[in-house]
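**Student:** Just so it is clear, I am handing over entry.cif, which has mmCIF, C-alpha atoms and all ligand atoms.
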```
data_work
#
loop_
_atom_site.label_atom_id
_atom_site.label_comp_id
_atom_site.auth_asym_id
_atom_site.auth_seq_id
_atom_site.Cartn_x
_atom_site.Cartn_y
_atom_site.Cartn_z
CA MET A 154 -103.00 -26.76 1.49
CA LYS A 155 -101.20 -29.28 3.67
CA THR A 156 -102.03 -29.39 7.36
CA ILE A 157 -99.59 -29.65 10.27
CA LEU A 158 -100.63 -30.16 13.89
CA ILE A 159 -98.35 -28.91 16.68
CA ILE A 160 -99.02 -30.45 20.11
CA ASP A 161 -97.01 -28.74 22.85
CA ASP A 162 -98.00 -27.21 26.18
CA ASP A 163 -95.15 -24.72 25.94
CA ASP A 164 -96.14 -21.54 24.06
CA TYR A 165 -92.50 -20.55 23.85
CA CYS A 166 -91.83 -23.40 21.46
CA ARG A 167 -95.25 -23.94 19.86
CA ARG A 168 -96.04 -20.35 18.84
CA PRO A 169 -92.84 -19.51 16.90
CA ALA A 170 -93.01 -22.89 15.13
CA ALA A 171 -96.66 -22.23 14.21
CA ILE A 172 -95.88 -18.76 12.83
CA LEU A 173 -92.92 -19.98 10.81
CA LEU A 174 -94.78 -22.94 9.31
CA ALA A 175 -97.82 -20.79 8.48
CA ARG A 176 -95.48 -18.43 6.59
CA ASP A 177 -94.21 -21.47 4.69
CA GLY A 178 -97.76 -22.14 3.51
CA TRP A 179 -98.90 -24.78 6.01
CA ASN A 180 -102.36 -24.85 7.50
CA VAL A 181 -101.29 -24.96 11.17
CA LEU A 182 -103.35 -26.45 14.00
CA GLU A 183 -102.26 -26.13 17.63
CA ALA A 184 -103.03 -28.10 20.77
CA GLU A 185 -101.75 -27.60 24.33
CA ASP A 186 -102.14 -31.15 25.61
CA GLY A 187 -102.20 -34.75 24.41
CA GLU A 188 -105.98 -35.21 24.56
CA ARG A 189 -106.78 -32.09 22.55
CA GLY A 190 -104.00 -33.05 20.13
CA MET A 191 -105.59 -36.44 19.47
CA GLU A 192 -109.02 -34.84 18.94
CA LEU A 193 -107.56 -32.48 16.32
CA ALA A 194 -105.55 -35.28 14.71
CA LEU A 195 -108.63 -37.45 14.24
CA ALA A 196 -110.81 -34.55 13.06
CA HIS A 197 -108.32 -33.07 10.56
CA ARG A 198 -105.98 -35.94 9.62
CA PRO A 199 -102.93 -33.69 9.24
CA GLU A 200 -100.04 -34.62 6.96
CA VAL A 201 -97.58 -33.95 9.80
CA ILE A 202 -97.87 -34.00 13.60
CA LEU A 203 -95.20 -32.27 15.70
CA CYS A 204 -95.44 -33.52 19.24
CA ASP A 205 -93.73 -32.64 22.52
CA LEU A 206 -92.96 -35.48 24.98
CA MET A 207 -93.74 -34.03 28.39
CA MET A 208 -97.27 -32.67 28.36
CA PRO A 209 -100.33 -32.89 30.57
CA ARG A 210 -103.33 -35.05 29.60
CA GLY A 211 -101.40 -37.59 27.55
CA ASN A 212 -97.62 -37.54 27.18
CA GLY A 213 -95.95 -37.60 23.76
CA PHE A 214 -95.17 -41.33 23.85
CA HIS A 215 -98.86 -41.96 24.45
CA VAL A 216 -99.86 -39.63 21.58
CA CYS A 217 -97.46 -41.43 19.22
CA ARG A 218 -98.94 -44.82 20.14
CA MET A 219 -102.49 -43.47 19.72
CA VAL A 220 -101.65 -42.01 16.31
CA ARG A 221 -100.01 -45.22 15.16
CA GLY A 222 -103.09 -47.14 16.32
CA GLN A 223 -105.36 -45.21 13.92
CA ALA A 224 -105.61 -46.55 10.37
CA GLU A 225 -106.77 -43.14 9.06
CA LEU A 226 -103.52 -41.55 10.31
CA ALA A 227 -101.29 -44.14 8.65
CA GLN A 228 -99.97 -41.52 6.20
CA THR A 229 -99.26 -38.93 8.88
CA LYS A 230 -95.65 -38.09 9.55
CA LEU A 231 -94.97 -38.03 13.27
CA VAL A 232 -92.15 -35.81 14.58
CA VAL A 233 -91.29 -35.70 18.26
CA MET A 234 -89.67 -32.54 19.61
CA SER A 235 -88.31 -32.61 23.11
CA GLY A 236 -85.86 -31.03 25.52
CA SER A 237 -84.74 -34.52 26.52
CA ASP A 238 -81.44 -35.65 25.05
CA TYR A 239 -81.55 -39.07 26.73
CA GLU A 240 -81.01 -42.01 24.38
CA ALA A 241 -83.76 -43.92 26.22
CA ASP A 242 -86.25 -41.21 25.21
CA ARG A 243 -85.13 -41.14 21.56
CA GLN A 244 -85.47 -44.92 21.47
CA GLY A 245 -88.82 -44.81 23.33
CA ALA A 246 -90.20 -42.26 20.84
CA LYS A 247 -89.07 -44.39 17.92
CA GLU A 248 -90.66 -47.50 19.39
CA ALA A 249 -93.87 -45.55 19.99
CA GLY A 250 -93.97 -44.77 16.26
CA ALA A 251 -92.19 -41.43 15.78
CA ASP A 252 -90.55 -40.88 12.37
CA ALA A 253 -88.13 -38.21 13.59
CA TYR A 254 -86.85 -36.64 16.82
CA LEU A 255 -85.90 -32.97 17.12
CA LEU A 256 -84.05 -31.66 20.16
CA LYS A 257 -85.26 -28.41 21.70
CA PRO A 258 -84.61 -25.57 21.32
CA ILE A 259 -85.76 -26.32 17.81
CA ASP A 260 -83.48 -25.39 14.94
CA PHE A 261 -85.99 -24.08 12.40
CA ALA A 262 -83.84 -25.12 9.43
CA ASP A 263 -83.97 -28.71 10.73
CA LEU A 264 -87.71 -28.44 11.33
CA ARG A 265 -88.32 -27.25 7.76
CA GLU A 266 -86.19 -30.07 6.41
CA VAL A 267 -87.95 -32.73 8.50
CA VAL A 268 -91.51 -31.67 7.63
CA ARG A 269 -90.73 -31.23 3.91
CA HIS A 270 -90.45 -34.96 3.26
CA PRO A 271 -93.58 -37.09 3.28
CA ALA A 272 -94.03 -39.96 5.71
CA ILE A 273 -93.01 -43.44 4.75
CA ALA A 274 -96.21 -45.22 3.64
CA ARG A 275 -97.69 -47.18 6.51
CA VAL A 276 -100.85 -48.46 4.83
CA GLY A 277 -101.97 -51.67 6.45
CA GLU A 278 -99.53 -51.21 9.33
CA ALA A 279 -101.98 -49.77 11.78
CA GLY A 280 -101.90 -51.61 15.07
CA PRO A 281 -104.75 -52.12 17.48
CA VAL A 282 -106.53 -48.98 18.61
CA ALA A 283 -105.08 -47.88 21.92
CA GLU A 284 -107.27 -47.95 24.99
CA ALA A 285 -109.09 -44.79 26.01
CA PRO A 286 -107.20 -42.91 28.72
CA VAL A 287 -108.21 -43.76 32.29
CA GLU A 288 -110.29 -40.98 33.82
CA SER A 289 -108.61 -39.31 36.72
CA ALA A 290 -110.87 -38.58 39.68
CA VAL A 291 -108.74 -37.37 42.56
CA GLU A 292 -111.21 -37.04 45.35
CA PRO A 293 -110.24 -36.06 48.86
CA LEU A 294 -109.85 -38.88 51.33
CA ALA A 295 -111.37 -38.74 54.77
CA ALA A 296 -109.32 -36.60 57.15
CA GLY A 297 -106.71 -38.37 59.23
CA PRO A 298 -106.19 -38.11 62.96
CA GLY A 299 -106.80 -34.35 62.72
CA GLU A 300 -103.44 -32.93 63.64
CA LEU A 301 -102.42 -29.60 62.11
CA GLY A 302 -99.06 -28.97 60.47
CA THR A 303 -96.95 -30.84 57.92
CA LYS A 304 -94.73 -33.62 59.20
CA VAL A 305 -92.02 -35.10 57.01
CA LYS A 306 -90.12 -38.32 57.71
CA PHE A 307 -87.46 -40.01 55.58
CA TRP A 308 -87.78 -43.80 55.21
CA GLY A 309 -85.54 -44.29 52.16
CA VAL A 310 -82.96 -41.79 50.86
CA ARG A 311 -80.79 -43.92 48.57
CA GLY A 312 -80.90 -44.01 44.76
CA SER A 313 -80.70 -46.96 42.39
CA ILE A 314 -80.48 -49.98 44.72
CA PRO A 315 -80.78 -50.66 48.45
CA THR A 316 -77.36 -50.43 50.07
CA PRO A 317 -77.41 -51.90 53.57
CA GLY A 318 -74.31 -52.47 55.67
CA PRO A 319 -72.04 -50.87 58.24
CA SER A 320 -70.76 -48.17 55.86
CA THR A 321 -74.26 -46.74 55.22
CA VAL A 322 -75.76 -47.17 58.65
CA PHE A 323 -75.89 -43.43 59.46
CA PHE A 324 -77.65 -42.07 56.34
CA GLY A 325 -79.37 -45.38 55.54
CA GLY A 326 -79.49 -47.84 52.67
CA ASN A 327 -83.17 -47.98 51.67
CA THR A 328 -84.34 -46.56 48.35
CA ALA A 329 -86.69 -43.57 47.91
CA CYS A 330 -89.62 -43.22 50.29
CA VAL A 331 -90.74 -40.13 52.23
CA GLU A 332 -93.75 -39.94 54.54
CA LEU A 333 -95.82 -36.78 54.79
CA ARG A 334 -98.64 -36.02 57.20
CA VAL A 335 -100.42 -32.92 56.00
CA ASP A 336 -102.91 -31.86 58.70
CA GLY A 337 -103.24 -35.58 59.45
CA GLU A 338 -103.58 -36.66 55.79
CA LEU A 339 -101.21 -39.53 55.08
CA ILE A 340 -99.23 -39.09 51.85
CA ILE A 341 -96.28 -41.27 50.84
CA LEU A 342 -93.79 -40.05 48.25
CA ASP A 343 -92.50 -43.00 46.21
CA ALA A 344 -92.44 -46.67 47.14
CA GLY A 345 -88.76 -47.61 47.19
CA SER A 346 -87.58 -50.18 49.74
CA GLY A 347 -88.08 -47.60 52.54
CA ILE A 348 -91.83 -48.16 52.30
CA ARG A 349 -91.38 -51.56 53.96
CA PRO A 350 -90.34 -50.25 57.41
CA LEU A 351 -92.87 -47.41 56.98
CA GLY A 352 -95.62 -50.00 56.47
CA GLN A 353 -94.56 -51.82 59.62
CA ALA A 354 -94.60 -48.56 61.61
CA LEU A 355 -98.06 -47.64 60.28
CA ALA A 356 -99.46 -51.09 61.12
CA GLN A 357 -98.22 -50.64 64.67
CA GLU A 358 -99.53 -47.07 64.95
CA PHE A 359 -103.01 -47.71 63.53
CA GLY A 360 -103.61 -51.15 65.07
CA ALA A 361 -107.20 -52.09 64.18
CA ARG A 362 -108.05 -48.60 62.81
CA PRO A 363 -108.41 -48.41 59.01
CA MET A 364 -105.87 -46.36 57.02
CA ASN A 365 -106.46 -44.09 54.05
CA ILE A 366 -103.16 -43.75 52.27
CA THR A 367 -102.16 -41.92 49.11
CA VAL A 368 -98.89 -42.93 47.44
CA LEU A 369 -97.54 -40.38 44.96
CA VAL A 370 -95.20 -42.03 42.48
CA THR A 371 -92.71 -39.77 40.66
CA HIS A 372 -91.85 -42.44 38.06
CA THR A 373 -91.60 -46.19 37.88
CA HIS A 374 -87.85 -46.71 37.88
CA TRP A 375 -87.37 -49.68 40.13
CA ASP A 376 -85.82 -47.80 43.07
CA HIS A 377 -89.12 -45.87 43.39
CA ILE A 378 -91.57 -48.78 43.32
CA GLN A 379 -89.66 -51.89 44.44
CA GLY A 380 -90.82 -51.71 48.07
CA PHE A 381 -94.54 -51.76 47.30
CA PRO A 382 -94.89 -55.58 47.23
CA PHE A 383 -93.65 -55.52 50.86
CA PHE A 384 -95.95 -52.71 52.07
CA LEU A 385 -97.88 -54.24 54.97
CA PRO A 386 -100.98 -51.93 54.88
CA ALA A 387 -101.65 -53.14 51.30
CA TYR A 388 -102.35 -56.60 52.74
CA ASN A 389 -105.10 -55.46 55.12
CA ALA A 390 -108.68 -55.34 53.77
CA ARG A 391 -109.58 -52.55 56.22
CA ASN A 392 -107.27 -50.14 54.44
CA HIS A 393 -107.57 -48.08 51.28
CA VAL A 394 -104.36 -47.48 49.37
CA ARG A 395 -104.52 -45.12 46.44
CA ILE A 396 -101.52 -44.86 44.10
CA LEU A 397 -101.25 -41.76 41.92
CA GLY A 398 -98.74 -41.10 39.14
CA TYR A 399 -98.37 -40.39 35.45
CA GLU A 400 -98.41 -42.69 32.46
CA GLY A 401 -94.89 -43.89 31.66
CA ALA A 402 -93.00 -43.80 28.38
CA ARG A 403 -93.81 -47.38 27.44
CA ASP A 404 -96.76 -48.42 29.53
CA GLY A 405 -99.50 -47.21 31.84
CA LEU A 406 -98.86 -46.80 35.59
CA ALA A 407 -101.07 -49.75 36.56
CA ALA A 408 -99.44 -52.13 34.06
CA THR A 409 -95.93 -51.21 35.22
CA LEU A 410 -96.77 -51.56 38.93
CA ALA A 411 -98.47 -54.89 38.29
CA GLY A 412 -95.55 -56.02 36.10
CA GLN A 413 -93.02 -56.12 38.95
CA MET A 414 -95.35 -58.44 40.90
CA GLU A 415 -96.04 -60.86 38.08
CA SER A 416 -94.78 -64.40 38.22
CA PRO A 417 -91.87 -65.25 38.08
CA TYR A 418 -90.76 -62.03 39.83
CA PHE A 419 -93.09 -62.25 42.85
CA PRO A 420 -95.49 -64.83 44.31
CA ILE A 421 -98.48 -62.50 44.87
CA ALA A 422 -100.07 -60.48 42.07
CA LEU A 423 -100.93 -56.81 42.66
CA LYS A 424 -104.63 -57.53 42.17
CA GLN A 425 -104.46 -60.19 44.89
CA MET A 426 -103.40 -57.65 47.52
CA PRO A 427 -106.42 -57.22 49.77
CA GLY A 428 -105.81 -53.58 50.78
CA ASN A 429 -108.27 -51.99 48.31
CA ILE A 430 -105.54 -50.78 45.96
CA LEU A 431 -106.70 -48.09 43.57
CA ILE A 432 -104.30 -46.92 40.86
CA GLU A 433 -105.12 -43.61 39.21
CA GLU A 434 -103.20 -42.15 36.30
CA LEU A 435 -102.98 -38.39 36.67
CA LYS A 436 -103.78 -36.17 33.69
CA ASP A 437 -103.51 -32.68 35.17
CA MET A 438 -100.49 -31.05 36.76
CA ALA A 439 -102.38 -29.74 39.82
CA PHE A 440 -104.79 -31.58 42.10
CA GLN A 441 -105.95 -31.92 45.69
CA ILE A 442 -105.33 -34.65 48.26
CA GLY A 443 -107.51 -33.87 51.27
CA PRO A 444 -106.19 -30.61 52.77
CA ALA A 445 -103.07 -30.65 50.57
CA ARG A 446 -102.84 -28.93 47.22
CA VAL A 447 -100.37 -30.72 44.98
CA GLU A 448 -98.60 -29.51 41.86
CA ALA A 449 -96.46 -31.67 39.57
CA CYS A 450 -93.70 -30.75 37.13
CA PHE A 451 -91.85 -32.85 34.56
CA VAL A 452 -88.13 -33.11 35.27
CA ASN A 453 -84.93 -33.86 33.35
CA HIS A 454 -84.66 -37.63 33.69
CA PRO A 455 -84.99 -40.48 31.16
CA GLY A 456 -88.62 -41.38 30.46
CA ILE A 457 -91.57 -39.67 32.10
CA CYS A 458 -90.63 -38.47 35.58
CA VAL A 459 -92.18 -35.74 37.70
CA GLY A 460 -91.50 -33.85 40.90
CA TYR A 461 -94.27 -32.91 43.34
CA ARG A 462 -94.83 -29.76 45.38
CA ILE A 463 -97.21 -30.20 48.29
CA PHE A 464 -98.81 -27.03 49.64
CA SER A 465 -100.61 -26.61 52.95
CA ASP A 466 -101.18 -23.88 55.54
CA SER A 467 -97.77 -24.82 56.90
CA GLY A 468 -95.87 -24.02 53.71
CA SER A 469 -94.69 -26.17 50.86
CA VAL A 470 -92.45 -29.18 50.38
CA VAL A 471 -90.92 -29.94 46.97
CA TYR A 472 -89.88 -33.51 46.22
CA LEU A 473 -87.67 -33.91 43.12
CA PRO A 474 -85.92 -37.21 43.77
CA ASP A 475 -84.48 -37.79 40.29
CA ASN A 476 -83.38 -34.86 38.19
CA GLU A 477 -80.29 -33.93 36.20
CA SER A 478 -79.61 -30.24 36.67
CA PHE A 479 -78.97 -28.12 33.63
CA ASN A 480 -75.39 -26.92 33.44
CA GLU A 481 -72.61 -26.36 30.92
CA HIS A 482 -72.43 -30.12 30.16
CA THR A 483 -76.12 -30.60 29.44
CA ALA A 484 -76.21 -27.29 27.56
CA SER A 485 -73.53 -28.42 25.13
CA ALA A 486 -75.87 -31.20 23.92
CA HIS A 487 -78.37 -28.49 23.05
CA GLY A 488 -75.92 -26.42 21.02
CA GLY A 489 -75.02 -24.22 23.99
CA GLU A 490 -78.64 -23.26 24.65
CA LEU A 491 -80.77 -24.69 27.42
CA PRO A 492 -84.22 -26.00 26.56
CA ARG A 493 -86.38 -23.50 28.39
CA THR A 494 -89.26 -25.92 28.61
CA ILE A 495 -87.87 -27.95 31.48
CA GLU A 496 -85.33 -25.64 33.07
CA GLU A 497 -87.42 -22.52 33.53
CA LYS A 498 -90.53 -24.41 34.48
CA LEU A 499 -88.56 -26.21 37.15
CA ALA A 500 -87.11 -22.96 38.53
CA GLU A 501 -90.61 -21.47 38.75
CA PHE A 502 -91.93 -24.69 40.25
CA VAL A 503 -89.45 -24.62 43.13
CA LEU A 504 -89.42 -20.85 43.77
CA ASP A 505 -89.72 -19.89 47.48
CA ALA A 506 -90.32 -23.47 48.68
CA ASP A 507 -89.91 -24.05 52.42
CA VAL A 508 -88.29 -27.42 51.79
CA LEU A 509 -86.63 -28.92 48.71
CA ILE A 510 -85.73 -32.62 48.72
CA THR A 511 -83.72 -33.27 45.59
CA ASP A 512 -81.32 -35.45 43.64
CA ALA A 513 -77.69 -34.68 44.55
CA GLN A 514 -76.26 -38.06 43.65
CA TYR A 515 -72.81 -37.01 42.45
CA THR A 516 -69.93 -34.75 43.39
CA ALA A 517 -68.95 -32.27 40.67
CA GLU A 518 -65.97 -34.46 39.80
CA GLU A 519 -68.05 -37.66 39.56
CA TYR A 520 -70.69 -35.89 37.52
CA LYS A 521 -68.19 -35.27 34.70
CA SER A 522 -68.26 -39.00 33.92
CA HIS A 523 -72.04 -39.32 34.50
CA VAL A 524 -73.40 -36.62 32.18
CA GLY A 525 -76.65 -37.87 30.69
CA TRP A 526 -77.36 -40.41 33.44
CA GLY A 527 -80.32 -38.36 34.67
CA HIS A 528 -79.00 -37.39 38.10
CA GLY A 529 -77.81 -34.21 39.71
CA CYS A 530 -74.54 -33.05 41.21
CA VAL A 531 -74.34 -31.34 44.55
CA ASP A 532 -72.79 -28.09 43.25
CA ASP A 533 -75.58 -27.54 40.72
CA VAL A 534 -78.25 -28.40 43.27
CA VAL A 535 -76.93 -25.89 45.83
CA ARG A 536 -76.77 -23.12 43.20
CA PHE A 537 -80.27 -24.00 41.98
CA ALA A 538 -81.76 -24.01 45.50
CA ILE A 539 -80.16 -20.68 46.44
CA ALA A 540 -81.39 -19.04 43.22
CA ALA A 541 -84.89 -20.40 43.86
CA ARG A 542 -84.83 -18.90 47.42
CA VAL A 543 -85.45 -22.29 49.01
CA LYS A 544 -85.31 -22.14 52.83
CA ARG A 545 -84.23 -25.70 53.54
CA LEU A 546 -82.49 -28.14 51.20
CA PHE A 547 -82.12 -31.90 51.63
CA LEU A 548 -79.58 -33.70 49.46
CA PHE A 549 -81.32 -36.91 48.38
CA HIS A 550 -80.98 -40.02 46.16
CA HIS A 551 -77.56 -40.83 47.60
CA ASP A 552 -75.31 -42.86 45.33
CA PRO A 553 -74.99 -46.56 46.30
CA GLU A 554 -71.21 -46.10 46.02
CA HIS A 555 -71.19 -43.37 48.66
CA ASP A 556 -70.63 -44.43 52.25
CA ASP A 557 -71.54 -42.25 55.23
CA ARG A 558 -68.16 -40.53 55.13
CA ALA A 559 -68.57 -39.58 51.45
CA ILE A 560 -72.08 -38.18 52.00
CA SER A 561 -70.87 -36.19 55.03
CA SER A 562 -68.09 -34.62 53.00
CA MET A 563 -70.55 -33.73 50.20
CA LEU A 564 -72.75 -32.08 52.83
CA MET A 565 -69.81 -30.06 54.21
CA HIS A 566 -68.98 -28.95 50.69
CA ALA A 567 -72.60 -27.91 50.07
CA ARG A 568 -72.68 -25.89 53.31
CA ASP A 569 -69.36 -24.22 52.42
CA MET A 570 -70.82 -23.23 49.06
CA ALA A 571 -73.87 -21.67 50.73
CA THR A 572 -71.68 -19.77 53.22
CA ALA A 573 -69.44 -18.50 50.41
CA ALA A 574 -72.53 -17.33 48.53
CA GLY A 575 -73.77 -15.45 51.63
CA SER A 576 -76.95 -17.52 51.65
CA SER A 577 -78.94 -18.37 54.78
CA ILE A 578 -80.25 -21.62 53.25
CA ARG A 579 -80.15 -24.57 55.65
CA ILE A 580 -78.68 -27.69 54.05
CA ASP A 581 -78.78 -31.29 55.24
CA ALA A 582 -78.24 -34.69 53.68
CA ALA A 583 -81.47 -36.69 53.96
CA ARG A 584 -81.08 -39.44 56.56
CA GLU A 585 -83.29 -42.46 57.11
CA GLY A 586 -85.44 -42.02 60.22
CA GLU A 587 -84.99 -38.22 60.37
CA GLN A 588 -88.18 -36.20 60.74
CA PHE A 589 -89.21 -32.58 61.03
CA THR A 590 -92.38 -30.51 61.22
CA LEU A 591 -93.54 -27.38 59.42
CA ALA A 592 -95.92 -25.65 61.82
CA PRO A 593 -99.05 -23.99 60.42
CA HIS A 594 -98.23 -20.32 59.71
CA ALA A 595 -101.29 -19.10 61.58
CA VAL A 596 -100.22 -20.64 64.88
CA ALA A 597 -96.46 -20.69 64.36
CA ALA A 598 -95.96 -17.75 66.69
CA ARG A 599 -97.50 -19.65 69.58
CA LEU A 600 -95.29 -22.72 69.22
ZN ZN B 1 -84.16 -43.03 41.27
ZN ZN B 2 -85.16 -42.70 37.96
#
```
Please rewrite the model in this file as structure tokens.
Ligand SMILES: [Zn+2]
Ligand SMILES: [Zn+2]
**Tutor:**
Amino acid sequence: MKTILIIDDDDYCRRPAAILLARDGWNVLEAEDGERGMELALAHRPEVILCDLMMPRGNGFHVCRMVRGQAELAQTKLVVMSGSDYEADRQGAKEAGADAYLLKPIDFADLREVVRHPAIARVGEAGPVAEAPVESAVEPLAAGPGELGTKVKFWGVRGSIPTPGPSTVFFGGNTACVELRVDGELIILDAGSGIRPLGQALAQEFGARPMNITVLVTHTHWDHIQGFPFFLPAYNARNHVRILGYEGARDGLAATLAGQMESPYFPIALKQMPGNILIEELKDMAFQIGPARVEACFVNHPGICVGYRIFSDSGSVVYLPDNESFNEHTASAHGGELPRTIEEKLAEFVLDADVLITDAQYTAEEYKSHVGWGHGCVDDVVRFAIAARVKRLFLFHHDPEHDDRAISSMLMHARDMATAAGSSIRIDAAREGEQFTLAPHAVAARL
């Protein structure tokens, strides 16, 4: 009997496929994450591996590279199945070694057809064995200055590329960077060019005191990491700077972050920065940073990209800087059906958040010519936030083409939509330098 291994964290897709293939006479093995999938692959050497892309403990690109690095799996047919319709992800899966790519929701006739044919012989093609995954040990840092409550400050709100100048002076031109102080714990969301002025402010605030900083990276598109080489605290040996994020589609987090600082792009290598930089690749989708509980969720954006939800006694803040909302345009690519895997998980992920900071790059009209670019439109974002019962929404990842006037008019439109829907949601457009505090629930009444 031929063996097929299905690696997918989503029961909704994995279980029906397993039942159908078992009926067709396959010996079916199932795994819920990349690590378990690789264990089963090596132990059972299946004829076919069906593999999701966005999974905890080893994404699908990583699994494909691992499989293709094993000589004993040279005959295994590797089929990626994903809710992502981005060309970059199809290409990335192919380069990682996938033989076929199926778009979710899976058409079972297509699945049968794909698994029926044997793999192209790859004897002698096995590449070097991939490195073992880096162990993730997210330990709490020492408490900060001991202040209760969650403070949020925007240092970079722009998408794609820094856009300075008189026409963006109100909302700001720096790329993605948000500072959080959770009961004194210093957490930075993304390292776009906004992290440069943040670093200067921290150096001034802390003076000779050491800093313990955690930077949470959503993904390594340049607008989310380009400021790090200019982050002043990373040049001070008294400080400890920990960078957390997930393995990318093509390379590990550490290699990508180091890559942008290699010669000839930058004069100082990442490993030469004296600020005790520790890069940890996350495996699990929930973890702790000091007093803050953090959850992560994969989003609809080319490559591997996550959003973070940070919980504390003061409530929760969701940061989804890059995400293309699901709507009638994206649905048409999936044959009129939405891939539940990303959409429903994301709705659950955001439900009842106190604050949602999210990608509203385009107007509805602009979005029509940017379908598949991986970014949201303001109308979809407002509908999504209202349905998820979010209390406060910040439009984020402003388009470099939008001046202050354009962003203001998008904000007015968003507020009009909320009023028309009878919603009490508070909506703002994220603005560089703006800050607010979520008071701890227990003492909120006193403040
Ligand atoms: Zn971005
Ligand atoms: Zn991006």
**Student:** So which one's closest to Val335 (chain A), A:Ala361, A:Leu591, A:Val268, A:Val531? Using all atoms listed in the file, please.
**Tutor:**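 That would be A:Leu591, the residue with the smallest distance to Val335 (chain A).
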**Student:** Around ligand ZN 1 (chain B), at most 7 Å away and counting all atoms listed in the file, which residues are there? Put them as a list of chain:residue names, please.
**Tutor:** A:Gly312, A:Ser313, A:His374, A:Asp376, A:His377, A:Pro474, A:Asp475, A:His550
**Student:** Neighbours of ligand ZN 2 (chain B) within 12 Å, counting only C-alpha atoms and all ligand atoms, as a VMD selection string?
**Tutor:** chain A and resid 241 311 to 314 328 to 329 343 345 370 to 378 401 452 to 460 473 to 477 512 514 526 to 529 550
**Student:** Would you please work out which residue, of A:Glu332, A:Glu358, A:Glu496, A:Glu338, is nearest to Gly443 (chain A) when using only C-alpha atoms?
**Tutor:**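 Closest to Gly443 (chain A), using only C-alpha atoms: A:Glu338.
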**Student:** Using only C-alpha atoms, which of the listed residues (A:Leu333, A:Ala262, A:Ala422, A:Ala574) sits closest to Phe464 (chain A)?
**Tutor:**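 Looking only at the distances to Phe464 (chain A), the closest residue turns out to be A:Leu333.
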**Student:** Env of Asp533 (chain A): 8 Å cut, atoms = only C-alpha atoms, seq-sep filter 4 positions within chain, self excluded. Answer as a list in words.
**Tutor:**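 After dropping sequence-adjacent residues, the list is Ser478, Phe479, Asn480, Gly529 and Phe537 of chain A.
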**Student:** Could you tell me how far CA of Ala582 (chain A) lies from CA of Leu564 (chain A), in Å and to one decimal?
**Tutor:**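 Result for CA of Ala582 (chain A) versus CA of Leu564 (chain A): 6.1 Å, one decimal.
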**Student:** What's the 12 Å shell around Gly352 (chain A), counting only C-alpha atoms, without same-chain residues fewer than 2 positions away, as a PyMOL selection string?
**Tutor:** chain A and resi 308+330-332+339+341+344-350+354-360+364+366+368+380-389+392+394
**Student:** Here's a test: counting all atoms listed in the file, identify every protein, DNA and RNA residue with an atom at most 8 Å from (-73.3, -44.8, 49.4) in the file's coordinate frame, and state them as a VMD selection string.
**Tutor:** chain A and resid 311 316 320 to 321 326 551 to 557 559 to 560
**Student:** Create the file for the chosen residues now, containing C-alpha atoms and written as a PDB file, in the coordinates of the input.
**Tutor:**
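That gives us out.pdb:
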```
ATOM      1  CA  ARG A 311     -80.790 -43.920  48.570  1.00  0.00           C
ATOM      2  CA  THR A 316     -77.360 -50.430  50.070  1.00  0.00           C
ATOM      3  CA  SER A 320     -70.760 -48.170  55.860  1.00  0.00           C
ATOM      4  CA  THR A 321     -74.260 -46.740  55.220  1.00  0.00           C
ATOM      5  CA  GLY A 326     -79.490 -47.840  52.670  1.00  0.00           C
ATOM      6  CA  HIS A 551     -77.560 -40.830  47.600  1.00  0.00           C
ATOM      7  CA  ASP A 552     -75.310 -42.860  45.330  1.00  0.00           C
ATOM      8  CA  PRO A 553     -74.990 -46.560  46.300  1.00  0.00           C
ATOM      9  CA  GLU A 554     -71.210 -46.100  46.020  1.00  0.00           C
ATOM     10  CA  HIS A 555     -71.190 -43.370  48.660  1.00  0.00           C
ATOM     11  CA  ASP A 556     -70.630 -44.430  52.250  1.00  0.00           C
ATOM     12  CA  ASP A 557     -71.540 -42.250  55.230  1.00  0.00           C
ATOM     13  CA  ALA A 559     -68.570 -39.580  51.450  1.00  0.00           C
ATOM     14  CA  ILE A 560     -72.080 -38.180  52.000  1.00  0.00           C
TER      15      ILE A 560
END
```
**Student:** Quick one: residues within 9 Å of (-97.0, -32.7, 38.9) (file frame), counting only C-alpha atoms, please, as a PDB file with C-alpha atoms, in the coordinates of the input.
**Tutor:**
```
ATOM      1  CA  PRO A 209    -100.330 -32.890  30.570  1.00  0.00           C
ATOM      2  CA  THR A 371     -92.710 -39.770  40.660  1.00  0.00           C
ATOM      3  CA  GLY A 398     -98.740 -41.100  39.140  1.00  0.00           C
ATOM      4  CA  TYR A 399     -98.370 -40.390  35.450  1.00  0.00           C
ATOM      5  CA  LEU A 435    -102.980 -38.390  36.670  1.00  0.00           C
ATOM      6  CA  ASP A 437    -103.510 -32.680  35.170  1.00  0.00           C
ATOM      7  CA  MET A 438    -100.490 -31.050  36.760  1.00  0.00           C
ATOM      8  CA  ALA A 439    -102.380 -29.740  39.820  1.00  0.00           C
ATOM      9  CA  PHE A 440    -104.790 -31.580  42.100  1.00  0.00           C
ATOM     10  CA  VAL A 447    -100.370 -30.720  44.980  1.00  0.00           C
ATOM     11  CA  GLU A 448     -98.600 -29.510  41.860  1.00  0.00           C
ATOM     12  CA  ALA A 449     -96.460 -31.670  39.570  1.00  0.00           C
ATOM     13  CA  CYS A 450     -93.700 -30.750  37.130  1.00  0.00           C
ATOM     14  CA  PHE A 451     -91.850 -32.850  34.560  1.00  0.00           C
ATOM     15  CA  VAL A 459     -92.180 -35.740  37.700  1.00  0.00           C
ATOM     16  CA  GLY A 460     -91.500 -33.850  40.900  1.00  0.00           C
ATOM     17  CA  TYR A 461     -94.270 -32.910  43.340  1.00  0.00           C
ATOM     18  CA  ARG A 462     -94.830 -29.760  45.380  1.00  0.00           C
TER      19      ARG A 462
END
```
